[in-house]
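Visitor: I am attaching a structure below and will ask some questions about it afterwards.
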Amino acid sequence: MRKKQLGGWAGRRLGKGFTLIEVVVVLTLLGIMAAVVVPAVRELSARSPSAEAAEPVLALIRSTRSAALSRAGRVTLRLDPSRATYRVESDSDGTTIILQQGTLPLPTGATLTGDQPRLVLNFHRDGTANGDSIAVVTRDDAVMISVNRWSGEPHVH
């Protein structure tokens, strides 16, 4: 029995080239790589001295939120902007436990300022927080760190 041969372009491969599937896979991979690389490059180029100085504050806020999630309870960050000192404490059965305290390692010339003499952030067991903000000021510029009350995540503006 003889097999029926397809006619036209479907029956033969015309020269060398790429199939549609190969092109789609390559374009998809390029799109994924661009989605990862472009924001990272943009962030590196947009780093200001104040944004660099804000890193210890961001790390402290993130670790406080993480402590609230891991302890499944309220954890409070108390920050004194004038001295750059902080205390992280947990309320457990009416007893306050100090989890961490110290001075923020800010670069020389960097200062913290806020609306209040002290910044108090309460993180709840689901990661949410009472939203607040604090400014990091250097000789050249300033950035604002705000805490989203619904997610508890800090953001630099």
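A note on labels: chains of the structure tokens are A, B, ... as shown, every chain counts residues from 1, and ligands are counted from 1 in their shown order.
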Report the residues of stretch 11-152 of chain A whose backbone DSSP state falls under alpha helix (DSSP H), written as an MDAnalysis selection string.
Guide: chainID A and resid 20:45 49:53 55:71
Visitor: Write out as an NGL selection string each polymer residue whose atoms come within 12 Å of A:Arg71, counting only C-alpha atoms; drop sequence neighbours fewer than 4 positions from it.
Guide: :A and (63-67 or 75 or 89-92 or 99 or 123-127)
Visitor: Can you write out the residues you just picked, keeping N, CA and C atoms, as a tab-separated table (two decimals), in the first residue's frame?
Guide:
```tsv
chain	number	residue	atom	x	y	z
A	63	SER	N	12.93	42.68	58.97
A	63	SER	CA	13.17	41.65	59.98
A	63	SER	C	12.11	41.71	61.09
A	64	THR	N	11.61	42.91	61.41
A	64	THR	CA	10.56	43.04	62.41
A	64	THR	C	9.26	42.39	61.89
A	65	ARG	N	8.93	42.65	60.64
A	65	ARG	CA	7.75	42.03	60.04
A	65	ARG	C	7.89	40.51	60.02
A	66	SER	N	9.08	40.04	59.67
A	66	SER	CA	9.35	38.60	59.64
A	66	SER	C	9.20	37.98	61.03
A	67	ALA	N	9.63	38.69	62.06
A	67	ALA	CA	9.49	38.19	63.43
A	67	ALA	C	8.02	38.07	63.81
A	75	VAL	N	4.55	42.24	66.97
A	75	VAL	CA	5.93	42.65	67.23
A	75	VAL	C	6.01	44.14	66.92
A	89	GLU	N	10.37	44.63	70.03
A	89	GLU	CA	9.83	43.91	71.18
A	89	GLU	C	8.56	43.16	70.80
A	90	SER	N	8.31	42.10	71.56
A	90	SER	CA	7.14	41.26	71.34
A	90	SER	C	6.31	41.24	72.60
A	91	ASP	N	5.00	41.31	72.42
A	91	ASP	CA	4.09	41.20	73.56
A	91	ASP	C	3.59	39.77	73.62
A	92	SER	N	3.90	39.12	74.71
A	92	SER	CA	3.48	37.73	74.88
A	92	SER	C	2.85	37.57	76.26
A	99	LEU	N	13.37	41.67	71.68
A	99	LEU	CA	13.96	40.74	70.72
A	99	LEU	C	15.29	41.24	70.18
A	123	PHE	N	3.61	45.43	63.99
A	123	PHE	CA	3.36	44.41	62.98
A	123	PHE	C	2.53	43.31	63.62
A	124	HIS	N	1.49	42.90	62.90
A	124	HIS	CA	0.57	41.89	63.41
A	124	HIS	C	0.95	40.52	62.88
A	125	ARG	N	0.34	39.49	63.41
A	125	ARG	CA	0.74	38.13	63.06
A	125	ARG	C	0.55	37.77	61.60
A	126	ASP	N	-0.29	38.53	60.88
A	126	ASP	CA	-0.49	38.27	59.44
A	126	ASP	C	0.41	39.15	58.57
A	127	GLY	N	1.32	39.91	59.20
A	127	GLY	CA	2.26	40.74	58.44
A	127	GLY	C	1.80	42.16	58.22
```
Visitor: Of the candidates A:Ala129, A:Ala142, A:Ile134, A:Leu27, which shows the shortest atom-to-atom distance to A:Leu69, using only C-alpha atoms?
Guide: A:Ala129
Visitor: Please identify which residues in stretch 14-97 of chain A DSSP calls strand (DSSP E or B) from the backbone, and express them as an mmCIF file with N, CA and C atoms, in the first residue's frame.
Guide:
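As written to disk, out35.cif reads:
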```
data_model
loop_
_atom_site.group_PDB
_atom_site.id
_atom_site.type_symbol
_atom_site.label_atom_id
_atom_site.label_comp_id
_atom_site.auth_asym_id
_atom_site.auth_seq_id
_atom_site.Cartn_x
_atom_site.Cartn_y
_atom_site.Cartn_z
ATOM 1 N N VAL A 75 4.548 42.241 66.973
ATOM 2 C CA VAL A 75 5.930 42.653 67.232
ATOM 3 C C VAL A 75 6.007 44.138 66.915
ATOM 4 N N THR A 76 6.623 44.898 67.827
ATOM 5 C CA THR A 76 6.681 46.350 67.708
ATOM 6 C C THR A 76 8.112 46.812 67.482
ATOM 7 N N LEU A 77 8.267 47.729 66.527
ATOM 8 C CA LEU A 77 9.548 48.394 66.283
ATOM 9 C C LEU A 77 9.426 49.811 66.806
ATOM 10 N N ARG A 78 10.302 50.179 67.730
ATOM 11 C CA ARG A 78 10.366 51.555 68.249
ATOM 12 C C ARG A 78 11.686 52.141 67.777
ATOM 13 N N LEU A 79 11.597 53.246 67.042
ATOM 14 C CA LEU A 79 12.773 53.858 66.434
ATOM 15 C C LEU A 79 12.857 55.316 66.844
ATOM 16 N N ASP A 80 14.017 55.707 67.382
ATOM 17 C CA ASP A 80 14.269 57.095 67.766
ATOM 18 C C ASP A 80 15.113 57.725 66.658
ATOM 19 N N THR A 85 18.515 55.012 67.190
ATOM 20 C CA THR A 85 18.454 53.800 68.006
ATOM 21 C C THR A 85 17.098 53.131 67.809
ATOM 22 N N TYR A 86 17.062 51.836 68.069
ATOM 23 C CA TYR A 86 15.830 51.086 67.869
ATOM 24 C C TYR A 86 15.688 50.003 68.936
ATOM 25 N N ARG A 87 14.466 49.526 69.064
ATOM 26 C CA ARG A 87 14.166 48.384 69.918
ATOM 27 C C ARG A 87 13.020 47.620 69.266
ATOM 28 N N VAL A 88 13.193 46.324 69.162
ATOM 29 C CA VAL A 88 12.157 45.442 68.627
ATOM 30 C C VAL A 88 11.676 44.593 69.791
ATOM 31 N N GLU A 89 10.368 44.630 70.034
ATOM 32 C CA GLU A 89 9.826 43.907 71.180
ATOM 33 C C GLU A 89 8.564 43.155 70.799
ATOM 34 N N SER A 90 8.312 42.100 71.565
ATOM 35 C CA SER A 90 7.142 41.260 71.338
ATOM 36 C C SER A 90 6.309 41.241 72.599
ATOM 37 N N ASP A 91 5.003 41.306 72.423
ATOM 38 C CA ASP A 91 4.087 41.202 73.558
ATOM 39 C C ASP A 91 3.589 39.767 73.624
ATOM 40 N N SER A 92 3.904 39.116 74.715
ATOM 41 C CA SER A 92 3.478 37.732 74.877
ATOM 42 C C SER A 92 2.855 37.566 76.263
ATOM 43 N N THR A 95 3.462 40.216 78.754
ATOM 44 C CA THR A 95 4.865 40.456 79.071
ATOM 45 C C THR A 95 5.575 40.954 77.809
ATOM 46 N N THR A 96 6.363 42.016 77.964
ATOM 47 C CA THR A 96 7.117 42.542 76.834
ATOM 48 C C THR A 96 8.501 41.900 76.813
ATOM 49 N N ILE A 97 8.837 41.303 75.671
ATOM 50 C CA ILE A 97 10.134 40.658 75.488
ATOM 51 C C ILE A 97 10.911 41.467 74.449
#
```
Visitor: Determine the nearest neighbour of A:Ala68 from the options A:Val137, A:Leu112, A:Met144, A:Leu121, counting only C-alpha atoms.
Guide: A:Leu121
Visitor: Separation of atom CA of A:Arg118 and atom CA of A:Pro81, in Å?
Guide: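 Between these atoms lies a distance of 6.5 Å.
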Visitor: So that I can check the surroundings of A:Pro56, please list as a PyMOL selection string every protein, DNA and RNA residue that reaches within 12 Å of it, counting only C-alpha atoms and ignoring chain neighbours fewer than 4 positions away.
Guide: chain A and resi 50-52+60-63+84-86+102-107+110+112+136+145+154
Visitor: Kindly indicate which residue among A:Thr28, A:Gly109, A:Ser133, A:Arg74 lies nearest to A:Asp93, using only C-alpha atoms for the distances.
Guide: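 Closest to A:Asp93 of all the choices is A:Arg74.
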Visitor: Counting only C-alpha atoms, figure out which residue out of A:Ala53, A:Gly131, A:Val37, A:Arg83 gets nearest to A:Ser151.
Guide: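 Under the stated criterion, the closest residue is A:Gly131.
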Visitor: For each of A:Ala35, A:Ser82, A:Asp140, A:Leu29, take the minimum atom-to-atom distance to A:Pro117, counting only C-alpha atoms, then give the residue where this is smallest.
Guide: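 Under the stated criterion, the closest residue is A:Ser82.
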